[in-house]
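Peer 1: Just one file: target_17.cif, with mmCIF, C-alpha atoms and all ligand atoms.
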data_entry
loop_
_atom_site.label_atom_id
_atom_site.label_comp_id
_atom_site.auth_asym_id
_atom_site.auth_seq_id
_atom_site.Cartn_x
_atom_site.Cartn_y
_atom_site.Cartn_z
CA MET Q 27 -26.19 -25.36 10.48
CA ALA Q 28 -27.92 -23.64 13.40
CA LEU Q 29 -24.59 -22.14 14.33
CA MET Q 30 -24.10 -20.82 10.81
CA ILE Q 31 -27.52 -19.19 10.71
CA TYR Q 32 -26.96 -17.69 14.15
CA HIS Q 33 -23.59 -16.41 12.97
CA GLN Q 34 -25.00 -14.86 9.79
CA LEU Q 35 -27.72 -13.04 11.69
CA PHE Q 36 -25.33 -11.92 14.36
CA ALA Q 37 -22.59 -10.87 11.96
CA GLN Q 38 -24.87 -8.42 10.18
CA ARG Q 39 -25.31 -6.35 13.33
CA SER Q 40 -22.16 -4.31 13.59
CA THR Q 41 -21.62 -2.83 17.05
CA PRO Q 42 -20.82 0.89 17.56
CA THR Q 43 -17.27 2.11 17.07
CA ILE Q 44 -15.17 2.19 20.22
CA LYS Q 45 -13.48 5.57 20.56
CA ASN Q 46 -12.54 5.56 24.25
CA GLU Q 47 -10.05 3.35 25.98
CA ALA Q 48 -12.53 2.79 28.83
CA ASP Q 49 -14.88 1.01 26.39
CA VAL Q 50 -12.35 -1.57 25.23
CA PRO Q 51 -13.71 -4.96 26.29
CA ALA Q 52 -11.75 -7.36 28.45
CA TYR Q 53 -9.99 -9.90 26.23
CA ASP Q 54 -7.51 -12.76 26.38
CA LEU Q 55 -4.89 -12.92 23.67
CA PRO Q 56 -3.95 -16.29 22.21
CA LEU Q 57 -0.54 -17.27 23.57
CA LEU Q 58 2.40 -16.82 21.26
CA LEU Q 59 4.64 -19.27 23.00
CA ARG Q 60 2.34 -22.24 23.52
CA THR Q 61 1.46 -24.58 20.67
CA GLU Q 62 -2.09 -25.68 19.86
CA SER Q 63 -1.29 -28.97 21.54
CA GLY Q 64 -0.09 -27.22 24.69
CA ILE Q 65 3.70 -27.39 24.36
CA GLU Q 66 5.52 -24.42 25.89
CA VAL Q 67 7.92 -22.82 23.41
CA LYS Q 68 11.15 -21.81 25.10
CA THR Q 69 13.71 -21.59 22.32
CA ALA Q 70 14.02 -20.04 18.87
CA GLU Q 71 14.45 -23.56 17.51
CA ALA Q 72 11.12 -24.72 18.98
CA TRP Q 73 9.45 -21.53 17.76
CA GLU Q 74 10.61 -22.20 14.21
CA ARG Q 75 9.88 -25.91 14.23
CA LEU Q 76 6.59 -26.08 16.15
CA ARG Q 77 4.86 -22.80 16.72
CA ARG Q 78 5.71 -20.53 13.80
CA PRO Q 79 4.41 -22.95 11.13
CA GLU Q 80 1.03 -23.43 12.82
CA ILE Q 81 0.53 -19.68 13.27
CA HIS Q 82 1.57 -19.00 9.69
CA ALA Q 83 -0.78 -21.67 8.33
CA TYR Q 84 -3.66 -20.23 10.35
CA PHE Q 85 -3.12 -16.70 9.01
CA ALA Q 86 -2.84 -18.14 5.50
CA ASN Q 87 -6.06 -20.19 5.64
CA GLN Q 88 -8.27 -18.09 7.88
CA VAL Q 89 -7.13 -14.49 7.45
CA TYR Q 90 -5.31 -13.46 4.25
CA GLY Q 91 -5.82 -16.54 2.08
CA VAL Q 92 -3.39 -18.95 0.48
CA VAL Q 93 -1.87 -18.45 -2.96
CA PRO Q 94 -3.21 -21.41 -4.97
CA SER Q 95 -0.09 -22.19 -7.00
CA GLU Q 96 3.18 -20.82 -8.29
CA LEU Q 97 3.82 -18.43 -11.14
CA ASN Q 98 7.18 -17.02 -12.16
CA ILE Q 99 7.97 -13.82 -14.00
CA HIS Q 100 7.37 -14.44 -17.71
CA LYS Q 101 9.44 -11.56 -19.06
CA VAL Q 102 11.42 -8.58 -17.75
CA GLU Q 103 11.31 -5.47 -19.91
CA VAL Q 104 13.51 -2.45 -19.16
CA LEU Q 105 11.49 0.58 -20.25
CA ASP Q 106 13.85 3.33 -19.17
CA PHE Q 107 17.33 3.88 -17.75
CA GLU Q 108 18.56 7.37 -16.84
CA PRO Q 109 21.87 7.74 -15.00
CA ASN Q 110 21.26 11.44 -14.25
CA ALA Q 111 17.76 11.66 -12.85
CA LEU Q 112 16.40 14.07 -10.21
CA GLY Q 113 18.73 16.89 -11.16
CA GLY Q 114 21.71 14.56 -11.46
CA LYS Q 115 21.38 13.06 -7.99
CA ALA Q 116 19.98 9.65 -8.82
CA ILE Q 117 19.77 6.78 -11.25
CA ARG Q 118 16.27 6.11 -12.54
CA LYS Q 119 15.21 2.79 -13.95
CA GLN Q 120 11.72 1.69 -15.00
CA VAL Q 121 11.08 -1.98 -15.49
CA GLN Q 122 8.01 -3.93 -16.49
CA LEU Q 123 7.51 -7.47 -15.17
CA HIS Q 124 5.11 -9.58 -17.21
CA PHE Q 125 3.10 -12.51 -15.80
CA LYS Q 126 1.27 -14.88 -18.08
CA LYS Q 127 -0.85 -17.99 -17.77
CA GLY Q 128 -2.83 -19.36 -20.69
CA LYS Q 129 -4.34 -16.40 -22.49
CA LYS Q 130 -4.29 -14.11 -19.48
CA SER Q 131 -1.53 -11.74 -18.47
CA ILE Q 132 -0.77 -8.82 -16.19
CA ALA Q 133 2.20 -6.45 -15.93
CA MET Q 134 3.78 -4.81 -12.89
CA ARG Q 135 5.77 -1.62 -13.48
CA LEU Q 136 8.62 -0.82 -11.15
CA LEU Q 137 9.89 2.74 -10.77
CA ILE Q 138 13.38 2.63 -9.27
CA TYR Q 139 15.49 5.52 -7.98
CA LEU Q 140 18.98 4.70 -6.71
CA PRO Q 141 21.84 6.74 -5.28
CA LYS Q 142 24.40 7.41 -8.01
CA ASP Q 143 27.64 6.87 -6.24
CA LYS Q 144 27.12 3.31 -4.99
CA LYS Q 145 27.71 -0.04 -6.61
CA LYS Q 146 24.78 -1.62 -4.76
CA SER Q 147 22.17 0.13 -2.69
CA PRO Q 148 19.75 -0.95 0.01
CA VAL Q 149 16.23 -0.10 -1.12
CA PHE Q 150 12.77 0.52 0.22
CA LEU Q 151 10.27 -1.61 -1.70
CA ALA Q 152 6.83 -0.05 -1.46
CA TYR Q 153 3.54 0.00 -3.27
CA ASN Q 154 1.90 3.31 -4.08
CA PHE Q 155 -1.83 4.02 -4.32
CA LYS Q 156 -2.12 6.44 -7.22
CA GLY Q 157 0.40 5.37 -9.82
CA ASN Q 158 4.18 5.64 -10.02
CA HIS Q 159 3.87 9.14 -11.48
CA SER Q 160 2.16 10.34 -8.28
CA VAL Q 161 5.26 9.81 -6.10
CA ASN Q 162 7.37 12.56 -7.72
CA SER Q 163 6.93 15.29 -10.31
CA ASP Q 164 9.78 13.91 -12.49
CA PRO Q 165 8.16 14.24 -15.98
CA ALA Q 166 9.89 11.10 -17.23
CA ILE Q 167 7.98 8.79 -14.90
CA LEU Q 168 5.85 6.60 -17.12
CA ILE Q 169 2.10 6.58 -16.62
CA GLY Q 170 0.84 3.00 -16.72
CA GLY Q 171 4.08 2.11 -18.53
CA LYS Q 172 3.63 4.83 -21.17
CA LYS Q 173 5.29 8.14 -21.98
CA GLU Q 174 3.01 11.19 -22.09
CA SER Q 175 3.28 11.27 -25.88
CA GLU Q 176 1.92 7.70 -26.00
CA LEU Q 177 -1.20 8.33 -23.90
CA SER Q 178 -4.56 8.11 -25.62
CA GLN Q 179 -6.96 11.08 -25.72
CA GLU Q 180 -9.06 9.32 -23.12
CA GLU Q 181 -6.09 8.82 -20.82
CA LEU Q 182 -5.05 12.44 -21.28
CA LYS Q 183 -8.55 13.59 -20.38
CA SER Q 184 -8.53 11.62 -17.13
CA ASP Q 185 -6.70 13.25 -14.25
CA LYS Q 186 -3.58 11.19 -14.92
CA LEU Q 187 -1.34 14.11 -15.83
CA GLY Q 188 -2.75 16.21 -13.01
CA SER Q 189 -1.80 13.55 -10.52
CA ARG Q 190 1.90 13.76 -11.41
CA GLY Q 191 3.69 14.35 -8.12
CA SER Q 192 0.39 14.64 -6.24
CA ARG Q 193 1.58 12.26 -3.53
CA SER Q 194 5.20 13.46 -3.38
CA SER Q 195 4.82 14.61 0.24
CA ARG Q 196 4.53 10.93 1.19
CA TRP Q 197 7.76 9.95 -0.54
CA ALA Q 198 10.93 11.47 0.89
CA ILE Q 199 12.98 10.43 -2.14
CA ASP Q 200 15.66 13.11 -1.72
CA THR Q 201 16.16 12.07 1.90
CA MET Q 202 16.41 8.39 0.94
CA ILE Q 203 18.91 9.08 -1.84
CA GLY Q 204 20.89 11.44 0.40
CA ALA Q 205 21.13 8.68 3.03
CA GLY Q 206 22.30 6.12 0.46
CA TYR Q 207 18.97 4.30 0.03
CA GLY Q 208 16.98 3.67 -3.11
CA LEU Q 209 13.24 3.40 -3.68
CA VAL Q 210 11.42 0.76 -5.71
CA THR Q 211 7.75 1.54 -6.07
CA ILE Q 212 4.82 -0.09 -7.87
CA ASP Q 213 1.16 0.85 -8.28
CA TYR Q 214 -0.66 -1.80 -6.23
CA ASN Q 215 -3.49 -1.82 -8.76
CA ASP Q 216 -1.08 -3.35 -11.30
CA VAL Q 217 -1.25 -6.62 -9.33
CA ASP Q 218 -4.90 -6.52 -8.37
CA PRO Q 219 -7.17 -3.51 -8.88
CA ASP Q 220 -8.50 -2.52 -5.46
CA LYS Q 221 -12.18 -3.30 -5.93
CA ASN Q 222 -14.50 -6.09 -4.98
CA ASP Q 223 -14.14 -7.86 -8.29
CA PHE Q 224 -12.16 -11.04 -8.74
CA SER Q 225 -12.53 -11.19 -12.50
CA ASP Q 226 -9.37 -9.19 -13.14
CA GLY Q 227 -5.89 -8.81 -11.67
CA ILE Q 228 -3.58 -11.67 -10.73
CA HIS Q 229 -6.34 -13.88 -9.27
CA SER Q 230 -7.83 -14.54 -12.68
CA LEU Q 231 -4.60 -16.10 -13.96
CA PHE Q 232 -4.84 -18.84 -11.33
CA TYR Q 233 -8.44 -19.99 -11.83
CA LYS Q 234 -9.28 -23.54 -12.79
CA SER Q 235 -11.68 -23.76 -15.69
CA GLY Q 236 -15.07 -22.36 -14.70
CA GLN Q 237 -13.77 -20.73 -11.53
CA THR Q 238 -14.66 -17.04 -11.08
CA ALA Q 239 -13.55 -16.29 -7.52
CA PRO Q 240 -11.00 -17.61 -5.04
CA GLU Q 241 -12.00 -20.52 -2.76
CA LYS Q 242 -12.89 -19.68 0.85
CA ASN Q 243 -9.33 -20.15 2.10
CA GLU Q 244 -7.69 -18.62 -0.97
CA TRP Q 245 -6.15 -15.21 -1.41
CA GLY Q 246 -7.96 -11.94 -1.12
CA SER Q 247 -6.41 -8.75 -2.47
CA LEU Q 248 -4.01 -8.19 0.46
CA SER Q 249 -2.52 -11.61 -0.11
CA ALA Q 250 -2.29 -10.93 -3.84
CA TRP Q 251 -0.46 -7.67 -3.22
CA ALA Q 252 1.87 -9.49 -0.81
CA TRP Q 253 2.55 -12.06 -3.54
CA GLY Q 254 3.44 -9.19 -5.89
CA MET Q 255 6.06 -7.94 -3.42
CA SER Q 256 7.75 -11.35 -3.50
CA LYS Q 257 7.71 -11.29 -7.30
CA ALA Q 258 9.30 -7.83 -7.27
CA MET Q 259 11.91 -9.39 -4.96
CA ASP Q 260 12.56 -12.15 -7.51
CA TYR Q 261 13.47 -9.41 -9.93
CA LEU Q 262 15.50 -7.38 -7.42
CA GLU Q 263 17.66 -10.43 -6.75
CA THR Q 264 18.78 -10.16 -10.38
CA GLU Q 265 19.33 -6.38 -10.35
CA PRO Q 266 23.06 -5.69 -9.90
CA LEU Q 267 22.51 -2.12 -8.63
CA VAL Q 268 20.38 -3.32 -5.71
CA ASP Q 269 21.69 -4.94 -2.54
CA SER Q 270 19.09 -7.69 -2.35
CA LYS Q 271 20.18 -8.59 1.19
CA LYS Q 272 18.93 -5.16 2.25
CA VAL Q 273 15.46 -4.87 0.79
CA ILE Q 274 13.16 -3.06 3.20
CA LEU Q 275 9.43 -3.61 2.81
CA PHE Q 276 7.37 -0.54 3.48
CA GLY Q 277 3.63 -0.03 3.38
CA HIS Q 278 1.11 2.53 4.54
CA SER Q 279 -2.39 1.67 5.74
CA ARG Q 280 -3.86 -1.21 3.66
CA LEU Q 281 -0.40 -1.50 2.15
CA GLY Q 282 1.07 -1.67 5.66
CA LYS Q 283 -1.13 -4.72 6.27
CA THR Q 284 0.23 -6.04 2.97
CA ALA Q 285 3.84 -5.39 3.97
CA LEU Q 286 3.43 -7.30 7.25
CA TRP Q 287 1.90 -10.31 5.52
CA ALA Q 288 4.50 -10.23 2.73
CA GLY Q 289 7.26 -10.01 5.35
CA ALA Q 290 5.78 -12.97 7.22
CA ASN Q 291 5.72 -15.03 4.01
CA ASP Q 292 9.08 -14.24 2.54
CA LYS Q 293 12.25 -14.27 4.61
CA ARG Q 294 14.25 -12.57 1.86
CA PHE Q 295 12.88 -9.23 3.07
CA SER Q 296 15.43 -8.09 5.60
CA LEU Q 297 13.32 -5.48 7.37
CA VAL Q 298 9.59 -4.67 7.42
CA ILE Q 299 7.84 -1.35 8.12
CA SER Q 300 4.15 -0.98 8.87
CA ASN Q 301 2.98 2.63 8.73
CA ASN Q 302 -0.48 3.19 10.28
CA SER Q 303 -1.61 -0.29 9.20
CA GLY Q 304 -4.42 -0.64 11.76
CA CYS Q 305 -7.10 -3.33 11.60
CA GLY Q 306 -5.89 -6.54 9.97
CA GLY Q 307 -2.37 -5.08 10.10
CA ALA Q 308 -0.51 -4.30 13.32
CA ALA Q 309 -3.53 -3.53 15.56
CA LEU Q 310 -4.91 -6.17 17.92
CA SER Q 311 -8.34 -7.27 16.64
CA ARG Q 312 -9.64 -8.25 20.08
CA ARG Q 313 -9.49 -4.67 21.34
CA ARG Q 314 -12.21 -3.78 18.83
CA PHE Q 315 -11.05 -0.14 19.10
CA GLY Q 316 -11.67 1.98 15.99
CA GLU Q 317 -12.04 -0.17 12.88
CA LYS Q 318 -13.33 -3.70 13.64
CA LEU Q 319 -13.26 -6.84 11.55
CA SER Q 320 -16.95 -6.39 10.71
CA ASP Q 321 -16.21 -2.85 9.43
CA ILE Q 322 -13.29 -3.86 7.27
CA ASN Q 323 -14.89 -7.03 5.89
CA THR Q 324 -18.05 -5.12 5.01
CA LYS Q 325 -16.39 -2.12 3.40
CA PHE Q 326 -13.61 -4.10 1.73
CA PRO Q 327 -14.99 -7.64 1.29
CA HIS Q 328 -12.19 -8.49 -1.15
CA TRP Q 329 -9.18 -7.72 1.06
CA PHE Q 330 -9.08 -10.88 3.19
CA CYS Q 331 -10.09 -14.44 2.37
CA GLU Q 332 -13.72 -15.41 2.68
CA ASN Q 333 -13.03 -17.52 5.79
CA PHE Q 334 -12.05 -14.36 7.65
CA HIS Q 335 -15.60 -13.00 7.45
CA PHE Q 336 -16.64 -15.64 9.96
CA PHE Q 337 -14.87 -13.62 12.63
CA ASN Q 338 -16.95 -10.45 12.16
CA GLU Q 339 -18.14 -9.47 15.65
CA ASN Q 340 -16.59 -12.74 16.71
CA GLU Q 341 -12.89 -11.93 17.23
CA SER Q 342 -12.40 -14.22 20.20
CA ALA Q 343 -12.99 -17.24 17.94
CA LEU Q 344 -9.73 -16.48 16.12
CA ALA Q 345 -6.80 -18.68 17.11
CA VAL Q 346 -4.48 -15.75 16.38
CA ASP Q 347 -4.29 -12.03 16.90
CA GLN Q 348 -2.11 -9.50 15.14
CA HIS Q 349 0.83 -9.65 17.57
CA MET Q 350 1.39 -13.09 16.08
CA LEU Q 351 1.62 -11.66 12.57
CA ILE Q 352 4.40 -9.32 13.72
CA ALA Q 353 6.13 -12.21 15.50
CA LEU Q 354 6.25 -14.20 12.25
CA ILE Q 355 8.78 -11.64 11.00
CA ALA Q 356 11.25 -12.35 13.85
CA PRO Q 357 14.19 -12.22 14.11
CA ARG Q 358 14.23 -9.72 11.25
CA PRO Q 359 13.77 -6.09 12.31
CA VAL Q 360 10.21 -4.82 12.20
CA TYR Q 361 8.94 -1.27 12.71
CA VAL Q 362 5.38 -0.40 13.69
CA ALA Q 363 4.43 3.26 13.38
CA SER Q 364 1.23 4.91 14.56
CA ALA Q 365 -0.17 8.43 14.35
CA SER Q 366 -1.78 10.16 17.33
CA GLN Q 367 -4.95 11.26 15.50
CA ASP Q 368 -5.35 8.01 13.58
CA LEU Q 369 -7.81 6.50 16.05
CA TRP Q 370 -9.48 4.41 13.34
CA ALA Q 371 -6.23 2.39 13.17
CA ASP Q 372 -6.02 2.03 17.00
CA PRO Q 373 -2.50 3.35 17.77
CA LYS Q 374 -2.50 1.71 21.20
CA GLY Q 375 -3.50 -1.64 19.72
CA GLU Q 376 -0.64 -1.31 17.23
CA PHE Q 377 1.80 -0.62 20.04
CA LEU Q 378 0.54 -3.50 22.19
CA ALA Q 379 0.83 -5.96 19.31
CA ALA Q 380 4.45 -4.95 18.73
CA GLN Q 381 5.09 -5.21 22.46
CA TRP Q 382 3.60 -8.71 22.71
CA ALA Q 383 5.48 -9.83 19.58
CA SER Q 384 8.71 -8.83 21.31
CA SER Q 385 8.72 -12.08 23.33
CA VAL Q 386 9.65 -13.96 20.15
CA TYR Q 387 12.47 -11.52 19.41
CA LEU Q 388 13.76 -12.21 22.93
CA LEU Q 389 14.03 -15.92 22.07
CA TYR Q 390 16.59 -14.88 19.46
CA GLY Q 391 18.38 -12.57 21.91
CA LYS Q 392 17.07 -9.51 20.03
CA LYS Q 393 15.81 -6.29 21.53
CA GLY Q 394 12.05 -5.95 21.36
CA LEU Q 395 10.00 -3.12 22.83
CA THR Q 396 11.29 -2.84 26.35
CA MET Q 397 9.15 0.03 27.65
CA GLN Q 398 6.13 -0.68 29.88
CA SER Q 399 3.64 1.56 28.12
CA GLN Q 400 3.09 3.34 24.84
CA PRO Q 401 5.67 6.13 24.48
CA PRO Q 402 4.54 9.78 24.14
CA VAL Q 403 4.24 11.36 20.68
CA ASN Q 404 7.39 11.82 18.60
CA THR Q 405 9.52 9.65 20.91
CA PRO Q 406 10.79 6.89 18.64
CA TYR Q 407 12.25 3.63 19.92
CA HIS Q 408 14.64 1.67 17.72
CA GLY Q 409 15.50 -1.83 18.94
CA THR Q 410 15.12 -4.81 16.63
CA VAL Q 411 11.46 -4.00 17.04
CA GLY Q 412 10.86 -0.30 16.41
CA TYR Q 413 7.92 1.89 17.29
CA HIS Q 414 6.83 5.50 17.15
CA LEU Q 415 3.65 7.44 17.67
CA ARG Q 416 3.89 10.39 15.33
CA GLU Q 417 1.87 13.45 16.16
CA GLY Q 418 -0.81 13.99 13.56
CA LYS Q 419 -3.12 12.19 11.19
CA HIS Q 420 -3.19 9.02 9.10
CA ASP Q 421 -0.40 9.76 6.63
CA VAL Q 422 3.25 9.21 5.74
CA THR Q 423 5.50 12.15 6.49
CA GLN Q 424 9.11 13.28 6.31
CA TYR Q 425 9.36 12.55 10.04
CA ASP Q 426 8.30 8.93 9.48
CA TRP Q 427 10.90 8.41 6.75
CA GLU Q 428 13.66 9.89 8.88
CA GLN Q 429 12.86 7.34 11.59
CA TYR Q 430 12.80 4.45 9.10
CA ILE Q 431 16.19 5.39 7.70
CA LYS Q 432 17.71 5.68 11.19
CA PHE Q 433 16.17 2.35 12.18
CA ALA Q 434 17.49 0.64 9.05
CA GLU Q 435 20.98 2.14 9.56
CA LYS Q 436 21.09 0.92 13.13
CA ASN Q 437 19.86 -2.58 12.36
CA PHE Q 438 21.97 -3.09 9.24
CA LYS Q 439 25.04 -2.10 11.25
CA SER Q 440 24.32 -4.41 14.15
CA ASN Q 441 23.47 -7.48 12.05
C1 LIG Q 501 -9.52 2.70 5.42
C2 LIG Q 501 -9.56 1.33 6.02
C3 LIG Q 501 -8.31 1.08 6.76
C4 LIG Q 501 -7.08 1.47 5.98
C5 LIG Q 501 -7.29 2.66 5.06
C6 LIG Q 501 -6.32 2.78 3.90
O1 LIG Q 501 -10.69 3.11 4.85
O2 LIG Q 501 -10.67 1.27 6.84
O3 LIG Q 501 -8.26 -0.25 7.18
O4 LIG Q 501 -6.58 0.39 5.31
O5 LIG Q 501 -8.53 2.66 4.45
O6 LIG Q 501 -5.74 1.82 3.42
O7 LIG Q 501 -6.18 3.90 3.42
#
Represent the supplied structure as structure tokens.

Peer 2:
Amino acid sequence: MALMIYHQLFAQRSTPTIKNEADVPAYDLPLLLRTESGIEVKTAEAWERLRRPEIHAYFANQVYGVVPSELNIHKVEVLDFEPNALGGKAIRKQVQLHFKKGKKSIAMRLLIYLPKDKKKSPVFLAYNFKGNHSVNSDPAILIGGKKESELSQEELKSDKLGSRGSRSSRWAIDTMIGAGYGLVTIDYNDVDPDKNDFSDGIHSLFYKSGQTAPEKNEWGSLSAWAWGMSKAMDYLETEPLVDSKKVILFGHSRLGKTALWAGANDKRFSLVISNNSGCGGAALSRRRFGEKLSDINTKFPHWFCENFHFFNENESALAVDQHMLIALIAPRPVYVASASQDLWADPKGEFLAAQWASSVYLLYGKKGLTMQSQPPVNTPYHGTVGYHLREGKHDVTQYDWEQYIKFAEKNFKSN
């Protein structure tokens, strides 16, 4: 009890933001290759049998939160199919996945663009922040599953139409299609609206009677979004135009954190990309550089599970750090990308986590990050673990996509 009170008092006092490398405290990372009971892990077999499960269980119960039970897709509805989209370059398909439990239901809408001349295409599977219609100015993209002519006066008055294509600079769709890749994108709010409110979204379908919020070790929003990616994958496995052995998870920022956790949970994702994911994503928490656990858990109390709040200003009590999250994806290729001005996300901490995770890739004979220190800007490295530090701010750019496509090409060829 005394410890709890001490912790609550202490946790409220958030320390100043660290902006200089010289102010990073000394820290010891938990060892990837030694089990809780002290066994040294020397082979991929021992990693998978002994160490990986205990790390995964810890992230599930103390960081992101466990999904309380199972729920399959209730119904698949094809809303649109256009074989000559984007000026004749692509196939467009829009699909609605329904989920239902008791009287509650939610729907996830997938916007899919695929190259025209292929029987099956590898795809990037990625959430968007502002609605499917924000990723491209294609007027046929449905808004919340509806055509423009079906929108209510209220919906028309909101900025929904104005936001058509507003985020297109973050989605290099022409480049993807030109390189033979498709895009599957979903508004993350379809699965769980991004606010500190557990009465709506997918969580509410799983409550026992009388329950209004997840238990302490149960899923926050990041875990719910990760769950949604696996459900999208369930559908993609049935989609003949998609090569489901080559589904690449991509996420930016909070959705980069989501992509890493989804990739750790579901081995069907063949490659995972974290773009500027920062705190609670690729960046090492113990460095406390930029955004800290106390910042993220205060500003976004719904993202992680409640147990995770215990570690505010108390990172060294964690039995894991984020290099272990990246390692859970091994031996599948993983790409960590940082941006030079994105200090809030701690680019160096993102690099170091990918570098430390590389020891697990080595167990599989795969090429991790082999360089000694963080590479200079715009100098990408593409092993089985990939990394680049793009010049510029927190964003997703054409440059980033070009690297991801090259990385995927290289890894799909060598596997
Ligand atoms: C920031 C948050 C980051 C990052 C970002 C985003 O405000 O502090 O952890 O997730 O939002 O997702 O855009």

Peer 1: Under the rule that only C-alpha atoms and all ligand atoms are counted, which of Q:Ser63, Q:Ser300, Q:Ser178, Q:Thr41 is the nearest residue to ligand LIG 501 (chain Q)?

Peer 2: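 The answer is Q:Ser300, which sits nearest to ligand LIG 501 (chain Q).
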
Peer 1: By how many Å are CA of Tyr53 (chain Q) and CA of Val360 (chain Q) apart?

Peer 2: 25.1 Å

Peer 1: At a cut-off of 12 Å, using only C-alpha atoms, what residues contact Tyr233 (chain Q)? Leave out same-chain residues fewer than 2 positions from it and give the result as a ChimeraX atom specification.

Peer 2: /Q:93-95,127-130,224-231,235-241,244-245

Peer 1: Please dump the current selection as a short mmCIF file (atom, residue, chain, number, x, y, z; two decimals), keeping the file's coordinate frame; keep C-alpha atoms.

Peer 2:
data_model
loop_
_atom_site.label_atom_id
_atom_site.label_comp_id
_atom_site.auth_asym_id
_atom_site.auth_seq_id
_atom_site.Cartn_x
_atom_site.Cartn_y
_atom_site.Cartn_z
CA VAL Q 93 -1.87 -18.45 -2.96
CA PRO Q 94 -3.21 -21.41 -4.97
CA SER Q 95 -0.09 -22.19 -7.00
CA LYS Q 127 -0.85 -17.99 -17.77
CA GLY Q 128 -2.83 -19.36 -20.69
CA LYS Q 129 -4.34 -16.40 -22.49
CA LYS Q 130 -4.29 -14.11 -19.48
CA PHE Q 224 -12.16 -11.04 -8.74
CA SER Q 225 -12.53 -11.19 -12.50
CA ASP Q 226 -9.37 -9.19 -13.14
CA GLY Q 227 -5.89 -8.81 -11.67
CA ILE Q 228 -3.58 -11.67 -10.73
CA HIS Q 229 -6.34 -13.88 -9.27
CA SER Q 230 -7.83 -14.54 -12.68
CA LEU Q 231 -4.60 -16.10 -13.96
CA SER Q 235 -11.68 -23.76 -15.69
CA GLY Q 236 -15.07 -22.36 -14.70
CA GLN Q 237 -13.77 -20.73 -11.53
CA THR Q 238 -14.66 -17.04 -11.08
CA ALA Q 239 -13.55 -16.29 -7.52
CA PRO Q 240 -11.00 -17.61 -5.04
CA GLU Q 241 -12.00 -20.52 -2.76
CA GLU Q 244 -7.69 -18.62 -0.97
CA TRP Q 245 -6.15 -15.21 -1.41
#

Peer 1: Got a sec: who's within 8 Å of Ala379 (chain Q), counting only C-alpha atoms, leaving out chain neighbours fewer than 2 positions off, as a short mmCIF file (atom, residue, chain, number, x, y, z; two decimals) with C-alpha atoms, keeping the file's coordinate frame?

Peer 2:
data_model
loop_
_atom_site.label_atom_id
_atom_site.label_comp_id
_atom_site.auth_asym_id
_atom_site.auth_seq_id
_atom_site.Cartn_x
_atom_site.Cartn_y
_atom_site.Cartn_z
CA ALA Q 308 -0.51 -4.30 13.32
CA ALA Q 309 -3.53 -3.53 15.56
CA LEU Q 310 -4.91 -6.17 17.92
CA GLN Q 348 -2.11 -9.50 15.14
CA HIS Q 349 0.83 -9.65 17.57
CA MET Q 350 1.39 -13.09 16.08
CA ILE Q 352 4.40 -9.32 13.72
CA GLY Q 375 -3.50 -1.64 19.72
CA GLU Q 376 -0.64 -1.31 17.23
CA PHE Q 377 1.80 -0.62 20.04
CA GLN Q 381 5.09 -5.21 22.46
CA TRP Q 382 3.60 -8.71 22.71
CA ALA Q 383 5.48 -9.83 19.58
#

Peer 1: Using all atoms listed in the file, what are the residues with an atom within 7 Å of ligand LIG 501 (chain Q), set out as an mmCIF file with C-alpha atoms, in the coordinates of the input?

Peer 2:
data_model
loop_
_atom_site.group_PDB
_atom_site.id
_atom_site.type_symbol
_atom_site.label_atom_id
_atom_site.label_comp_id
_atom_site.auth_asym_id
_atom_site.auth_seq_id
_atom_site.Cartn_x
_atom_site.Cartn_y
_atom_site.Cartn_z
ATOM 1 C CA HIS Q 278 1.110 2.530 4.540
ATOM 2 C CA SER Q 279 -2.390 1.670 5.740
ATOM 3 C CA ARG Q 280 -3.860 -1.210 3.660
ATOM 4 C CA LEU Q 281 -0.400 -1.500 2.150
ATOM 5 C CA SER Q 303 -1.610 -0.290 9.200
ATOM 6 C CA GLY Q 304 -4.420 -0.640 11.760
ATOM 7 C CA CYS Q 305 -7.100 -3.330 11.600
ATOM 8 C CA GLU Q 317 -12.040 -0.170 12.880
ATOM 9 C CA ILE Q 322 -13.290 -3.860 7.270
ATOM 10 C CA ALA Q 371 -6.230 2.390 13.170
#

Peer 1: Select, from Q:Val273, Q:Val346, Q:Leu136, Q:Ala285, the residue with the minimum atom-to-atom distance to Glu62 (chain Q), counting all atoms listed in the file.

Peer 2: Q:Val346
